[in-house]
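Novice: Got structure_12.cif for you, mmCIF, C-alpha atoms:
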```cif
data_entry
#
loop_
_atom_site.label_atom_id
_atom_site.label_comp_id
_atom_site.auth_asym_id
_atom_site.auth_seq_id
_atom_site.Cartn_x
_atom_site.Cartn_y
_atom_site.Cartn_z
CA MET M 1 -8.46 -1.96 0.91
CA SER M 2 -8.65 1.75 1.62
CA VAL M 3 -8.75 4.29 4.41
CA LEU M 4 -11.51 6.87 4.85
CA ILE M 5 -11.12 10.12 6.75
CA PHE M 6 -14.13 12.27 7.64
CA THR M 7 -14.17 15.80 8.99
CA SER M 8 -16.92 18.27 9.77
CA ASP M 9 -17.71 21.23 12.00
CA ASN M 10 -20.86 19.36 13.02
CA GLN M 11 -19.50 16.56 15.22
CA GLU M 12 -22.82 14.78 15.70
CA LEU M 13 -23.41 14.43 11.97
CA GLU M 14 -19.77 13.53 11.36
CA ASP M 15 -20.03 10.79 13.97
CA ASN M 16 -23.29 9.38 12.55
CA ILE M 17 -22.24 9.40 8.91
CA ALA M 18 -18.75 8.03 9.62
CA ARG M 19 -20.17 5.19 11.73
CA GLU M 20 -22.82 4.32 9.16
CA THR M 21 -20.24 4.32 6.35
CA ALA M 22 -17.98 2.02 8.38
CA GLN M 23 -20.89 -0.32 9.01
CA HIS M 24 -21.93 -0.22 5.35
CA LEU M 25 -18.41 -1.10 4.18
CA GLY M 26 -17.53 -3.46 7.04
CA TYR M 27 -14.56 -1.26 8.00
CA LYS M 28 -13.05 -0.71 11.45
CA THR M 29 -13.45 2.68 13.15
CA LEU M 30 -10.90 5.03 14.68
CA ASN M 31 -12.23 8.15 16.38
CA HIS M 32 -12.12 10.48 19.40
CA THR M 33 -12.55 7.52 21.78
CA PHE M 34 -8.92 6.74 20.87
CA PHE M 35 -7.75 9.81 22.87
CA ASP M 36 -7.86 7.93 26.17
CA GLU M 37 -5.66 5.16 24.78
CA ILE M 38 -3.22 7.70 23.34
CA ALA M 39 -3.10 9.59 26.65
CA GLN M 40 -2.36 6.36 28.50
CA GLN M 41 0.28 5.28 25.98
CA TYR M 42 2.16 8.59 26.28
CA SER M 43 1.37 9.27 29.97
CA LEU M 44 -0.59 12.44 29.21
CA ASP M 45 -3.69 13.93 30.81
CA PRO M 46 -6.61 12.96 28.48
CA SER M 47 -8.36 16.30 29.02
CA LYS M 48 -5.18 18.20 28.06
CA LEU M 49 -4.83 16.03 24.99
CA ARG M 50 -8.40 16.84 23.91
CA GLU M 51 -7.79 20.50 24.66
CA ALA M 52 -4.68 20.52 22.45
CA MET M 53 -6.81 19.23 19.57
CA THR M 54 -9.16 22.20 19.73
CA THR M 55 -7.25 25.18 21.09
CA THR M 56 -3.92 26.86 20.52
CA PRO M 57 -1.32 27.08 23.32
CA SER M 58 -1.93 29.75 25.93
CA ILE M 59 -0.39 30.69 29.27
CA LEU M 60 -3.86 31.42 30.66
CA LYS M 61 -5.00 27.87 29.89
CA ARG M 62 -1.74 26.49 31.27
CA MET M 63 -0.88 24.81 28.00
CA SER M 64 2.70 25.54 27.01
CA SER M 65 3.72 25.56 23.37
CA LYS M 66 6.06 22.63 24.04
CA LEU M 67 3.32 20.48 25.63
CA TRP M 68 0.88 21.47 22.90
CA HIS M 69 3.25 20.45 20.09
CA TYR M 70 4.12 17.23 21.91
CA SER M 71 0.43 16.37 22.48
CA LEU M 72 -0.37 16.86 18.78
CA SER M 73 2.64 14.77 17.86
CA CYS M 74 1.42 11.93 20.12
CA VAL M 75 -1.98 11.96 18.39
CA GLU M 76 -0.39 12.04 14.92
CA THR M 77 2.03 9.20 15.74
CA ALA M 78 -0.62 6.95 17.25
CA VAL M 79 -3.16 7.58 14.49
CA LEU M 80 -0.69 7.06 11.62
CA ASP M 81 0.42 3.82 13.24
CA ARG M 82 -3.19 2.60 13.23
CA LEU M 83 -3.87 3.78 9.68
CA LEU M 84 -1.16 1.43 8.42
CA GLU M 85 -3.85 -1.21 8.81
CA ASP M 86 -6.39 -1.20 5.99
CA ASP M 87 -10.15 -0.85 5.99
CA ILE M 88 -10.47 1.94 8.51
CA VAL M 89 -12.87 4.86 8.80
CA CYS M 90 -11.23 7.62 10.86
CA TRP M 91 -12.67 10.87 12.23
CA GLY M 92 -12.28 13.34 15.09
CA LEU M 93 -8.49 12.92 15.29
CA GLY M 94 -7.32 15.65 12.91
CA ALA M 95 -6.00 13.06 10.44
CA HIS M 96 -7.27 15.10 7.46
CA LEU M 97 -4.52 17.62 8.27
CA TYR M 98 -1.53 15.30 8.49
CA VAL M 99 -2.40 12.44 6.14
CA LEU M 100 -1.50 14.03 2.84
CA VAL M 101 -0.56 12.69 -0.59
CA VAL M 102 -1.53 9.12 0.30
CA SER M 103 -3.53 7.95 -2.68
CA HIS M 104 -5.50 5.16 -0.98
CA VAL M 105 -6.87 7.57 1.63
CA LEU M 106 -10.22 9.13 0.69
CA LYS M 107 -10.72 12.40 2.55
CA VAL M 108 -14.28 13.65 2.97
CA ARG M 109 -15.41 17.01 4.31
CA LEU M 110 -19.02 17.33 5.44
CA VAL M 111 -20.49 20.82 5.56
CA GLY M 112 -23.88 22.04 6.76
CA GLY M 113 -26.54 19.62 7.92
CA ASP M 114 -28.19 22.15 10.21
CA GLY M 115 -28.62 24.95 7.69
CA SER M 116 -25.12 26.17 8.55
CA ALA M 117 -23.67 25.74 5.05
CA ALA M 118 -25.36 28.98 4.07
CA VAL M 119 -24.56 30.79 7.32
CA THR M 120 -21.03 31.78 8.24
CA ASP M 121 -19.92 31.65 11.86
CA THR M 122 -16.90 33.87 11.35
CA LYS M 123 -15.53 33.66 14.90
CA LYS M 124 -15.70 29.85 15.04
CA GLU M 125 -14.16 29.58 11.57
CA ARG M 126 -11.38 31.98 12.51
CA LEU M 127 -10.52 29.98 15.63
CA ARG M 128 -10.50 26.67 13.73
CA GLU M 129 -8.34 28.19 11.02
CA LYS M 130 -5.92 29.56 13.60
CA TRP M 131 -5.68 26.14 15.27
CA SER M 132 -5.23 24.15 12.05
CA MET M 133 -2.66 26.62 10.67
CA MET M 134 -0.65 26.53 13.88
CA ALA M 135 -0.94 22.76 14.29
CA TRP M 136 -0.29 21.51 10.75
CA HIS M 137 0.10 24.68 8.63
CA ARG M 138 -3.12 24.00 6.74
CA LYS M 139 -6.49 25.70 6.53
CA GLU M 140 -8.98 23.05 7.56
CA ALA M 141 -11.81 24.58 5.52
CA ASP M 142 -9.76 24.63 2.30
CA PRO M 143 -11.69 22.30 -0.09
CA ARG M 144 -8.46 21.46 -1.94
CA LEU M 145 -7.45 19.31 1.03
CA TYR M 146 -10.30 16.89 0.31
CA ASP M 147 -11.31 14.39 -2.35
CA LEU M 148 -14.99 14.92 -1.64
CA VAL M 149 -16.93 17.80 -0.05
CA ILE M 150 -20.57 17.04 0.72
CA ASN M 151 -23.12 19.72 1.56
CA LEU M 152 -25.53 18.08 4.02
CA ASP M 153 -28.03 20.89 3.57
CA GLN M 154 -28.56 19.51 0.06
CA ILE M 155 -27.66 15.81 0.38
CA LYS M 156 -29.34 13.52 2.94
CA PRO M 157 -27.05 11.59 5.36
CA ASP M 158 -27.98 8.16 3.89
CA GLU M 159 -27.22 9.51 0.38
CA ALA M 160 -23.89 10.79 1.68
CA VAL M 161 -23.07 7.32 3.04
CA SER M 162 -23.80 5.62 -0.29
CA THR M 163 -21.90 8.31 -2.24
CA VAL M 164 -18.81 7.88 -0.07
CA ALA M 165 -19.06 4.07 -0.20
CA ALA M 166 -19.32 4.17 -4.01
CA THR M 167 -16.41 6.62 -4.31
CA VAL M 168 -14.02 4.62 -2.15
CA ALA M 169 -14.63 1.62 -4.42
CA TYR M 170 -13.04 3.45 -7.39
CA PRO M 171 -9.76 1.77 -8.42
CA ARG M 172 -7.95 5.09 -7.84
CA PHE M 173 -8.38 4.65 -4.08
CA LYS M 174 -6.95 1.13 -4.02
CA PRO M 175 -3.76 0.76 -1.97
CA MET M 176 -0.60 0.41 -4.07
CA THR M 177 3.08 0.00 -3.20
CA TYR M 178 3.67 3.75 -3.66
CA SER M 179 0.84 4.83 -1.35
CA ILE M 180 1.55 2.17 1.28
CA ASN M 181 5.22 3.26 1.38
CA ASN M 182 4.12 6.91 1.57
CA LEU M 183 1.98 6.21 4.61
CA ALA M 184 4.74 4.11 6.22
CA ASP M 185 7.20 7.00 5.66
CA ARG M 186 4.78 9.45 7.26
CA ALA M 187 4.30 7.12 10.22
CA LEU M 188 8.08 6.75 10.62
CA ALA M 189 8.64 10.53 10.41
CA ALA M 190 5.93 11.10 13.02
CA LYS M 191 7.49 8.50 15.32
CA VAL M 192 10.94 10.12 15.05
CA LYS M 193 9.53 13.61 15.60
CA ASN M 194 7.60 12.37 18.62
CA VAL M 195 10.62 10.95 20.43
CA LEU M 196 12.60 14.10 19.68
CA LEU M 197 9.86 16.49 20.85
CA LYS M 198 9.92 14.86 24.28
CA THR M 199 13.07 16.82 25.08
CA LEU M 200 13.84 19.09 22.10
CA THR M 201 12.11 21.90 20.20
CA ASP M 202 12.35 23.29 16.63
CA ILE M 203 12.25 19.90 14.94
CA GLN M 204 11.00 19.05 11.45
CA VAL M 205 11.15 15.50 10.16
CA HIS M 206 10.80 14.07 6.67
CA ALA M 207 11.11 10.42 5.64
CA GLN M 208 11.45 8.72 2.27
CA ASN M 209 12.00 5.01 1.75
CA GLY M 210 13.02 4.62 5.39
CA THR M 211 15.59 7.41 5.17
CA VAL M 212 14.84 10.10 7.73
CA VAL M 213 15.93 13.73 7.50
CA VAL M 214 15.65 15.81 10.66
CA THR M 215 15.92 19.57 10.31
CA THR M 216 16.54 21.70 13.36
CA THR M 217 17.29 25.30 14.21
CA CYS M 218 19.58 26.42 17.03
CA LEU M 219 22.49 28.64 17.99
CA LYS M 220 25.88 27.94 16.41
CA ARG M 221 27.39 27.10 19.79
CA GLU M 222 24.67 24.48 20.41
CA LYS M 223 24.94 22.84 17.01
CA THR M 224 27.25 19.92 17.83
CA LYS M 225 25.44 19.08 21.05
CA LYS M 226 21.98 19.23 19.48
CA ILE M 227 22.92 17.15 16.42
CA ALA M 228 24.49 14.50 18.68
CA ALA M 229 21.35 14.43 20.84
CA ILE M 230 19.10 14.05 17.77
CA LYS M 231 21.22 11.20 16.42
CA GLU M 232 21.21 9.40 19.74
CA ILE M 233 17.48 9.73 20.41
CA ALA M 234 16.22 9.19 16.84
CA GLY M 235 18.65 6.32 16.26
CA GLN M 236 16.64 4.20 18.70
CA VAL M 237 13.43 4.37 16.64
CA GLU M 238 12.46 1.04 15.16
CA GLY M 239 12.32 0.91 11.35
CA LEU M 240 14.77 3.77 10.81
CA GLY M 241 17.02 3.05 7.83
CA TYR M 242 19.35 6.02 7.52
CA LEU M 243 19.34 9.27 9.49
CA GLU M 244 20.51 12.67 8.32
CA VAL M 245 20.42 15.85 10.42
CA HIS M 246 20.21 19.25 8.75
CA TRP M 247 20.87 22.35 10.76
CA ASN M 248 19.73 25.97 10.33
CA VAL M 249 21.21 28.82 12.29
CA ASP M 250 18.80 30.50 14.71
CA ARG M 251 19.37 34.02 13.32
CA VAL M 252 17.07 35.82 15.74
CA ASN M 253 18.72 34.52 18.91
CA GLU M 254 22.17 34.65 17.32
CA ALA M 255 21.65 38.35 16.59
CA SER M 256 20.37 39.06 20.10
CA ILE M 257 23.48 37.41 21.58
CA GLY M 258 25.69 39.39 19.21
CA ASN M 259 24.10 42.66 20.37
CA ARG M 260 24.71 42.02 24.05
CA MET J 1 5.91 -23.12 -9.64
CA SER J 2 3.12 -24.17 -11.93
CA LYS J 3 4.17 -22.14 -14.99
CA GLN J 4 7.03 -19.79 -15.72
CA LEU J 5 5.84 -16.16 -15.56
CA GLU J 6 6.40 -14.22 -18.80
CA ILE J 7 7.43 -10.65 -18.06
CA LEU J 8 8.07 -7.71 -20.38
CA LEU J 9 10.12 -4.94 -18.81
CA LEU J 10 10.16 -1.54 -20.50
CA ASP J 11 12.40 1.29 -19.28
CA ASP J 12 14.45 3.70 -21.36
CA GLU J 13 17.22 3.60 -18.75
CA LEU J 14 19.55 0.70 -19.55
CA ILE J 15 20.54 0.19 -15.91
CA VAL J 16 16.97 -0.64 -14.83
CA GLY J 17 16.70 -3.63 -17.17
CA LYS J 18 20.25 -4.72 -16.40
CA ARG J 19 19.54 -4.72 -12.68
CA LEU J 20 16.04 -6.19 -12.64
CA LYS J 21 16.30 -8.92 -15.28
CA PRO J 22 18.66 -11.20 -13.29
CA ALA J 23 16.75 -10.50 -10.05
CA LEU J 24 13.48 -11.65 -11.63
CA GLU J 25 15.06 -14.58 -13.48
CA LYS J 26 16.36 -15.89 -10.17
CA ILE J 27 12.80 -16.35 -8.94
CA GLY J 28 11.90 -18.25 -12.08
CA CYS J 29 10.50 -15.53 -14.34
CA CYS J 30 11.21 -15.29 -18.06
CA VAL J 31 12.05 -11.64 -18.73
CA GLU J 32 12.27 -9.69 -22.00
CA VAL J 33 13.78 -6.21 -21.61
CA PHE J 34 13.06 -3.25 -23.90
CA GLN J 35 14.33 0.33 -23.88
CA ASP J 36 12.33 1.50 -26.89
CA PRO J 37 8.56 1.70 -26.21
CA ARG J 38 7.69 1.18 -29.90
CA GLU J 39 9.63 -2.06 -30.08
CA ALA J 40 8.02 -3.14 -26.80
CA MET J 41 4.54 -2.38 -28.18
CA LYS J 42 5.32 -4.36 -31.33
CA ARG J 43 6.30 -7.34 -29.16
CA ILE J 44 3.18 -6.93 -27.01
CA GLY J 45 1.12 -6.98 -30.21
CA ASP J 46 2.52 -10.43 -30.97
CA LYS J 47 2.54 -11.99 -27.53
CA GLU J 48 0.43 -12.02 -24.39
CA PHE J 49 2.70 -11.48 -21.37
CA ASP J 50 1.62 -12.32 -17.82
CA ILE J 51 3.13 -9.13 -16.49
CA VAL J 52 4.22 -5.87 -18.14
CA ILE J 53 6.45 -3.55 -16.10
CA THR J 54 6.73 -0.11 -17.63
CA ASP J 55 8.36 3.20 -16.84
CA ILE J 56 6.05 6.23 -17.22
CA TYR J 57 8.12 9.11 -18.56
CA MET J 58 9.93 8.01 -21.72
CA GLU J 59 10.83 10.11 -24.75
CA GLU J 60 9.25 7.96 -27.43
CA MET J 61 5.98 7.08 -25.72
CA ASP J 62 4.23 7.76 -22.41
CA GLY J 63 3.96 4.74 -20.08
CA MET J 64 0.30 5.61 -19.53
CA GLN J 65 -0.30 4.98 -23.25
CA VAL J 66 1.44 1.64 -22.90
CA LEU J 67 -0.84 0.87 -19.95
CA GLU J 68 -4.00 1.66 -21.91
CA MET J 69 -2.89 -0.27 -24.99
CA VAL J 70 -1.88 -3.39 -23.03
CA HIS J 71 -5.03 -3.20 -20.92
CA ASP J 72 -7.21 -3.01 -24.07
CA GLN J 73 -5.43 -5.78 -25.93
CA TRP J 74 -4.64 -8.20 -23.09
CA PRO J 75 -7.05 -7.62 -20.16
CA ARG J 76 -5.55 -10.55 -18.21
CA THR J 77 -2.04 -9.04 -18.19
CA LYS J 78 -1.00 -7.38 -14.93
CA ILE J 79 0.64 -4.01 -15.55
CA ILE J 80 3.07 -2.54 -13.03
CA MET J 81 4.01 1.13 -13.37
CA ILE J 82 7.40 2.41 -12.19
CA THR J 83 8.44 6.05 -12.13
CA GLY J 84 10.94 8.46 -10.68
CA TYR J 85 8.31 11.23 -10.80
CA ALA J 86 5.63 9.71 -8.60
CA MET J 87 2.79 11.89 -7.40
CA ILE J 88 -0.68 11.23 -6.09
CA SER J 89 -2.61 12.31 -9.22
CA LEU J 90 -0.45 10.19 -11.51
CA ALA J 91 -0.71 7.17 -9.21
CA ARG J 92 -4.49 7.46 -8.98
CA ASP J 93 -4.82 7.87 -12.76
CA ALA J 94 -2.71 4.77 -13.36
CA MET J 95 -4.87 2.70 -11.00
CA GLU J 96 -8.06 4.02 -12.59
CA LYS J 97 -6.73 3.02 -16.03
CA GLY J 98 -6.17 -0.52 -14.84
CA ALA J 99 -2.63 -0.68 -13.44
CA PHE J 100 -2.03 -3.57 -11.04
CA ASP J 101 0.45 -1.59 -8.96
CA PHE J 102 2.45 1.62 -8.95
CA ILE J 103 5.99 1.87 -7.58
CA ALA J 104 8.13 4.96 -7.05
CA LYS J 105 11.81 4.83 -8.03
CA PRO J 106 14.26 4.24 -6.50
CA PHE J 107 13.18 0.84 -5.23
CA LYS J 108 14.99 -2.34 -4.24
CA PRO J 109 14.71 -5.42 -6.48
CA ASP J 110 13.10 -7.11 -3.48
CA ASP J 111 10.27 -4.52 -3.49
CA LEU J 112 9.49 -5.41 -7.08
CA ARG J 113 9.71 -9.14 -6.32
CA LYS J 114 6.97 -8.71 -3.72
CA VAL J 115 4.72 -6.99 -6.24
CA ILE J 116 5.48 -9.68 -8.83
CA ALA J 117 4.52 -12.32 -6.24
CA LYS J 118 1.19 -10.54 -5.66
CA ALA J 119 0.60 -10.37 -9.41
CA ALA J 120 1.49 -14.06 -9.76
CA GLU J 121 -1.00 -14.90 -7.04
CA ALA J 122 -3.69 -12.86 -8.81
CA LEU J 123 -2.89 -14.83 -11.98
CA GLY J 124 -3.23 -18.10 -10.09
CA SER J 125 0.51 -18.83 -10.12
CA SER J 126 3.21 -18.81 -7.44
CA LEU J 127 6.88 -17.91 -7.16
CA ASP J 128 9.93 -19.46 -5.53
CA PHE J 129 10.93 -16.86 -2.99
CA ASN J 130 13.70 -18.96 -1.53
CA ALA J 131 15.91 -18.11 -4.46
CA PRO J 132 18.52 -15.63 -3.19
CA VAL J 133 18.66 -12.22 -4.89
CA HIS J 134 21.77 -10.01 -4.70
#
```
Show how you would write the structure in this file as structure tokens.

Specialist:
Amino acid sequence: MSVLIFTSDNQELEDNIARETAQHLGYKTLNHTFFDEIAQQYSLDPSKLREAMTTTPSILKRMSSKLWHYSLSCVETAVLDRLLEDDIVCWGLGAHLYVLVVSHVLKVRLVGGDGSAAVTDTKKERLREKWSMMAWHRKEADPRLYDLVINLDQIKPDEAVSTVAATVAYPRFKPMTYSINNLADRALAAKVKNVLLKTLTDIQVHAQNGTVVVTTTCLKREKTKKIAAIKEIAGQVEGLGYLEVHWNVDRVNEASIGNR
Amino acid sequence: MSKQLEILLLDDELIVGKRLKPALEKIGCCVEVFQDPREAMKRIGDKEFDIVITDIYMEEMDGMQVLEMVHDQWPRTKIIMITGYAMISLARDAMEKGAFDFIAKPFKPDDLRKVIAKAAEALGSSLDFNAPVH
């Protein structure tokens, strides 16, 4: 069966509709209550973890860029691991931004519900856009990210539940080998990135059919050391088939060293 | 196994048929391999296969057309799509048109065997998975 991901600026409505849909379909739920479990699993402060999911790193808030990226990576890794199970309704964990091109995942964006669909809160939107762009390089409000966008100023919550339940029953949202492998590859890439981000920075990870490609950026003189470290750390991840490390020269720092 | 599964495999790349035919025969399937979609369609017109495995991008005919034609003529037949150009829209379209499964190339023969086993189960049959595949 399928996976459903809800997102909305109105958390109360998102929570109600997601829960009712899960109940209607007999699916399990995965939501913001999962933060405490994630924090415990990765030995993080739960309040910091929640903060990382809503704000960008800042010295004033004592959230370093490294901790922020690592916190997001912990959430992504834990959530993707859970989404490998079927029949789940997920919300409040940012999954709509990192679960992409997985055909058995139906992504739903709920707008309005309190008359807000017609009113624009520019500051709030700007902050959310800044966060989502920095976190996963995507604009959260972009409708192209979703399979279904429902305006709750025009559609009642119970109608939204039945619309979503009917849509997820379409054969196009059935899990298939291709989509299951896609999700497993994403989960593997997230796992590898997570172990690397514990100690390293400037890491991108891509996986296909169990083959993992790590791309990193550093100074020429650090290349050998960093590649060896990546191979050693990532090599311990369960499920890894083949590992390749690609390296890009850190031109900015290289130039600053050259000018000294 | 209650009945030998009849499989038609269509792929314009010779190597695919060469590689998969023995792997599927080892688990007790009877496999007919075609490279030309028109010849495959002619054969499908004459015989109801349990499973049709088809590539999507072929010069002579699109695999999606094969899917629709098989689905119309033999609704019981399970159709498995394989492609080297997998993407979400294509995968969803194939499932909507009645595909049983969709697999991205490259894949291991064992991946396909698992899908065949699922299809066999859906057809009320079973497969001997103890047969070794190399």

Novice: With 10 Å as the cut-off and all atoms listed in the file counted, what is the closest atom pair between each nearby residue of chain M and chain J? Distances in Å to one decimal, ordered by chain and number, as JSON lines.

Specialist:
```
{"residue": "M:Leu100", "atom": "CA", "partner": "J:Ile88", "partner_atom": "CA", "distance": 9.4}
{"residue": "M:Val101", "atom": "CA", "partner": "J:Ile88", "partner_atom": "CA", "distance": 5.7}
{"residue": "M:Val102", "atom": "CA", "partner": "J:Ile88", "partner_atom": "CA", "distance": 6.8}
{"residue": "M:Ser103", "atom": "CA", "partner": "J:Ile88", "partner_atom": "CA", "distance": 5.5}
{"residue": "M:His104", "atom": "CA", "partner": "J:Arg92", "partner_atom": "CA", "distance": 8.4}
{"residue": "M:Tyr170", "atom": "CA", "partner": "J:Glu96", "partner_atom": "CA", "distance": 7.2}
{"residue": "M:Pro171", "atom": "CA", "partner": "J:Glu96", "partner_atom": "CA", "distance": 5.0}
{"residue": "M:Arg172", "atom": "CA", "partner": "J:Arg92", "partner_atom": "CA", "distance": 4.3}
{"residue": "M:Phe173", "atom": "CA", "partner": "J:Arg92", "partner_atom": "CA", "distance": 6.9}
{"residue": "M:Lys174", "atom": "CA", "partner": "J:Met95", "partner_atom": "CA", "distance": 7.5}
{"residue": "M:Pro175", "atom": "CA", "partner": "J:Asp101", "partner_atom": "CA", "distance": 8.5}
{"residue": "M:Met176", "atom": "CA", "partner": "J:Asp101", "partner_atom": "CA", "distance": 5.4}
{"residue": "M:Thr177", "atom": "CA", "partner": "J:Ile103", "partner_atom": "CA", "distance": 5.6}
{"residue": "M:Tyr178", "atom": "CA", "partner": "J:Ile103", "partner_atom": "CA", "distance": 4.9}
{"residue": "M:Ser179", "atom": "CA", "partner": "J:Ile88", "partner_atom": "CA", "distance": 8.1}
{"residue": "M:Ile180", "atom": "CA", "partner": "J:Ile103", "partner_atom": "CA", "distance": 9.9}
{"residue": "M:Asn181", "atom": "CA", "partner": "J:Ala104", "partner_atom": "CA", "distance": 9.1}
{"residue": "M:Asn182", "atom": "CA", "partner": "J:Ala104", "partner_atom": "CA", "distance": 9.7}
{"residue": "M:Asn209", "atom": "CA", "partner": "J:Phe107", "partner_atom": "CA", "distance": 8.2}
```

Novice: Counting all atoms listed in the file, figure out which residue out of M:Asp153, M:Asp185, M:Glu37, M:Glu129 gets nearest to Thr56 in chain M.

Specialist: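 Going through M:Asp153, M:Asp185, M:Glu37, M:Glu129 one by one, the smallest distance to Thr56 in chain M is for M:Glu129.
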
Novice: Using all atoms listed in the file, determine which residues lie at most 10 Å from range 41-49 of chain M, disregarding the query and same-chain residues fewer than 6 positions distant; provide the list as a count of residues only.

Specialist: 12

Novice: Using the chain letters and numbering of this document, enumerate as a ChimeraX atom specification the residues selected by the PyMOL selection byres ((chain J and resi 75-78) around 12).

Specialist: /J:5-8,44,47-54,67-74,79-81,95,97-102,115-124

Novice: Where's the centre, and what are the edge lengths in Å to one decimal, of a box along x, y and z enclosing all listed atoms of range 81-96 of chain J padded 6 Å per side, as lines of an AutoDock Vina configuration file?

Specialist:
```
center_x = 1.4
center_y = 6.7
center_z = -9.7
size_x = 31.0
size_y = 23.2
size_z = 19.3
```

Novice: Between CA of Leu4 in chain M and CA of His24 in chain M, what is the distance, to one decimal in Å?

Specialist: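 Between CA of Leu4 in chain M and CA of His24 in chain M the gap works out to 12.6 Å.
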
Novice: Of the residues M:Ile88, M:Ile155, M:Ile203, M:Ala190, which is the one nearest to Lys66 in chain M, using all atoms listed in the file?

Specialist: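 The shortest atom-to-atom distance to Lys66 in chain M comes from M:Ile203.
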
Novice: Using the chain letters and residue numbers of this document, give as a PDB file with C-alpha atoms, keeping the file's coordinate frame the residues selected by the PyMOL selection byres ((chain M and resi 97) around 10).

Specialist:
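Saved to out_28.pdb:
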```pdb
ATOM      1  CA  THR M   7     -14.170  15.800   8.990  1.00  0.00           C
ATOM      2  CA  GLU M  76      -0.390  12.040  14.920  1.00  0.00           C
ATOM      3  CA  LEU M  93      -8.490  12.920  15.290  1.00  0.00           C
ATOM      4  CA  GLY M  94      -7.320  15.650  12.910  1.00  0.00           C
ATOM      5  CA  ALA M  95      -6.000  13.060  10.440  1.00  0.00           C
ATOM      6  CA  HIS M  96      -7.270  15.100   7.460  1.00  0.00           C
ATOM      7  CA  TYR M  98      -1.530  15.300   8.490  1.00  0.00           C
ATOM      8  CA  VAL M  99      -2.400  12.440   6.140  1.00  0.00           C
ATOM      9  CA  LEU M 100      -1.500  14.030   2.840  1.00  0.00           C
ATOM     10  CA  LYS M 107     -10.720  12.400   2.550  1.00  0.00           C
ATOM     11  CA  SER M 132      -5.230  24.150  12.050  1.00  0.00           C
ATOM     12  CA  MET M 133      -2.660  26.620  10.670  1.00  0.00           C
ATOM     13  CA  ALA M 135      -0.940  22.760  14.290  1.00  0.00           C
ATOM     14  CA  TRP M 136      -0.290  21.510  10.750  1.00  0.00           C
ATOM     15  CA  HIS M 137       0.100  24.680   8.630  1.00  0.00           C
ATOM     16  CA  ARG M 138      -3.120  24.000   6.740  1.00  0.00           C
ATOM     17  CA  LYS M 139      -6.490  25.700   6.530  1.00  0.00           C
ATOM     18  CA  GLU M 140      -8.980  23.050   7.560  1.00  0.00           C
ATOM     19  CA  LEU M 145      -7.450  19.310   1.030  1.00  0.00           C
ATOM     20  CA  TYR M 146     -10.300  16.890   0.310  1.00  0.00           C
TER      21      TYR M 146
END
```

Novice: Do you know which residues are at most 9 Å from Lys220 in chain M counting only C-alpha atoms, after dropping those on the same chain fewer than 2 positions away, and could you put them as a ChimeraX atom specification?

Specialist: /M:218,222-224,248-250,254

Novice: Could you please determine the separation between CA of Ala207 in chain M and CA of Ile233 in chain M in Å, to one decimal place?

Specialist: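 Going from CA of Ala207 in chain M over to CA of Ile233 in chain M, I get 16.1 Å.
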
Novice: Set the distance at 12 Å and use all atoms listed in the file: which residues neighbour Thr163 in chain M once local chain neighbours fewer than 3 positions away are removed? I'd like the list as number ranges by chain.

Specialist: M: 17, 21, 24-25, 108, 148-150, 155-160, 166-170

Novice: Quote the spacing between CA of Asp110 in chain J and CA of Val3 in chain M in Å to one decimal place.

Specialist: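 Between these atoms lies a distance of 25.9 Å.
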
Novice: Could you tell me which of J:Ile15, J:Ile27, J:Leu20, J:Met61 comes closest to Ala40 in chain J if we count all atoms listed in the file?

Specialist: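 With all atoms listed in the file as the atom set, the closest residue is J:Met61.
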
Novice: Counting all atoms listed in the file, figure out which residue out of J:Asp62, J:Arg113, J:Glu25, J:Ser125 gets nearest to Arg38 in chain J.

Specialist: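 Of all the options, J:Asp62 lies closest to Arg38 in chain J.
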
Novice: Which one of M:Gln204, M:Ser256, M:Thr77, M:Thr216 sits closest to Ala184 in chain M if you count all atoms listed in the file?

Specialist: M:Thr77

Novice: How would you write, as a list of chain:residue names, the residues chosen by the PyMOL selection byres ((chain M and resi 211) around 10) on this structure?

Specialist: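 So the PyMOL selection byres ((chain M and resi 211) around 10) ends up selecting M:Asp185, M:Leu188, M:Ala189, M:His206, M:Ala207, M:Gln208, M:Asn209, M:Gly210, M:Val212, M:Val213, M:Gly239, M:Leu240, M:Gly241, M:Tyr242, M:Leu243, M:Glu244.
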
Novice: Select, from M:Leu219, M:Leu30, M:Ala229, M:Ala234, the residue with the minimum atom-to-atom distance to Ile257 in chain M, counting only C-alpha atoms.

Specialist: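 Closest to Ile257 in chain M of all the choices is M:Leu219.
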
Novice: Name all residues at most 6 Å from Cys90 in chain M (count all atoms listed in the file; drop same-chain ones fewer than 4 positions away) and give them as a compact mmCIF listing (two decimals) with C-alpha atoms, in the coordinates of the input.

Specialist:
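As written to disk, part.txt reads:
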```
# COMPACT_ATOMS: atom_id res chain seq x y z
CA ILE M 5 -11.12 10.12 6.75
CA THR M 29 -13.45 2.68 13.15
CA LEU M 30 -10.90 5.03 14.68
CA ASN M 31 -12.23 8.15 16.38
```
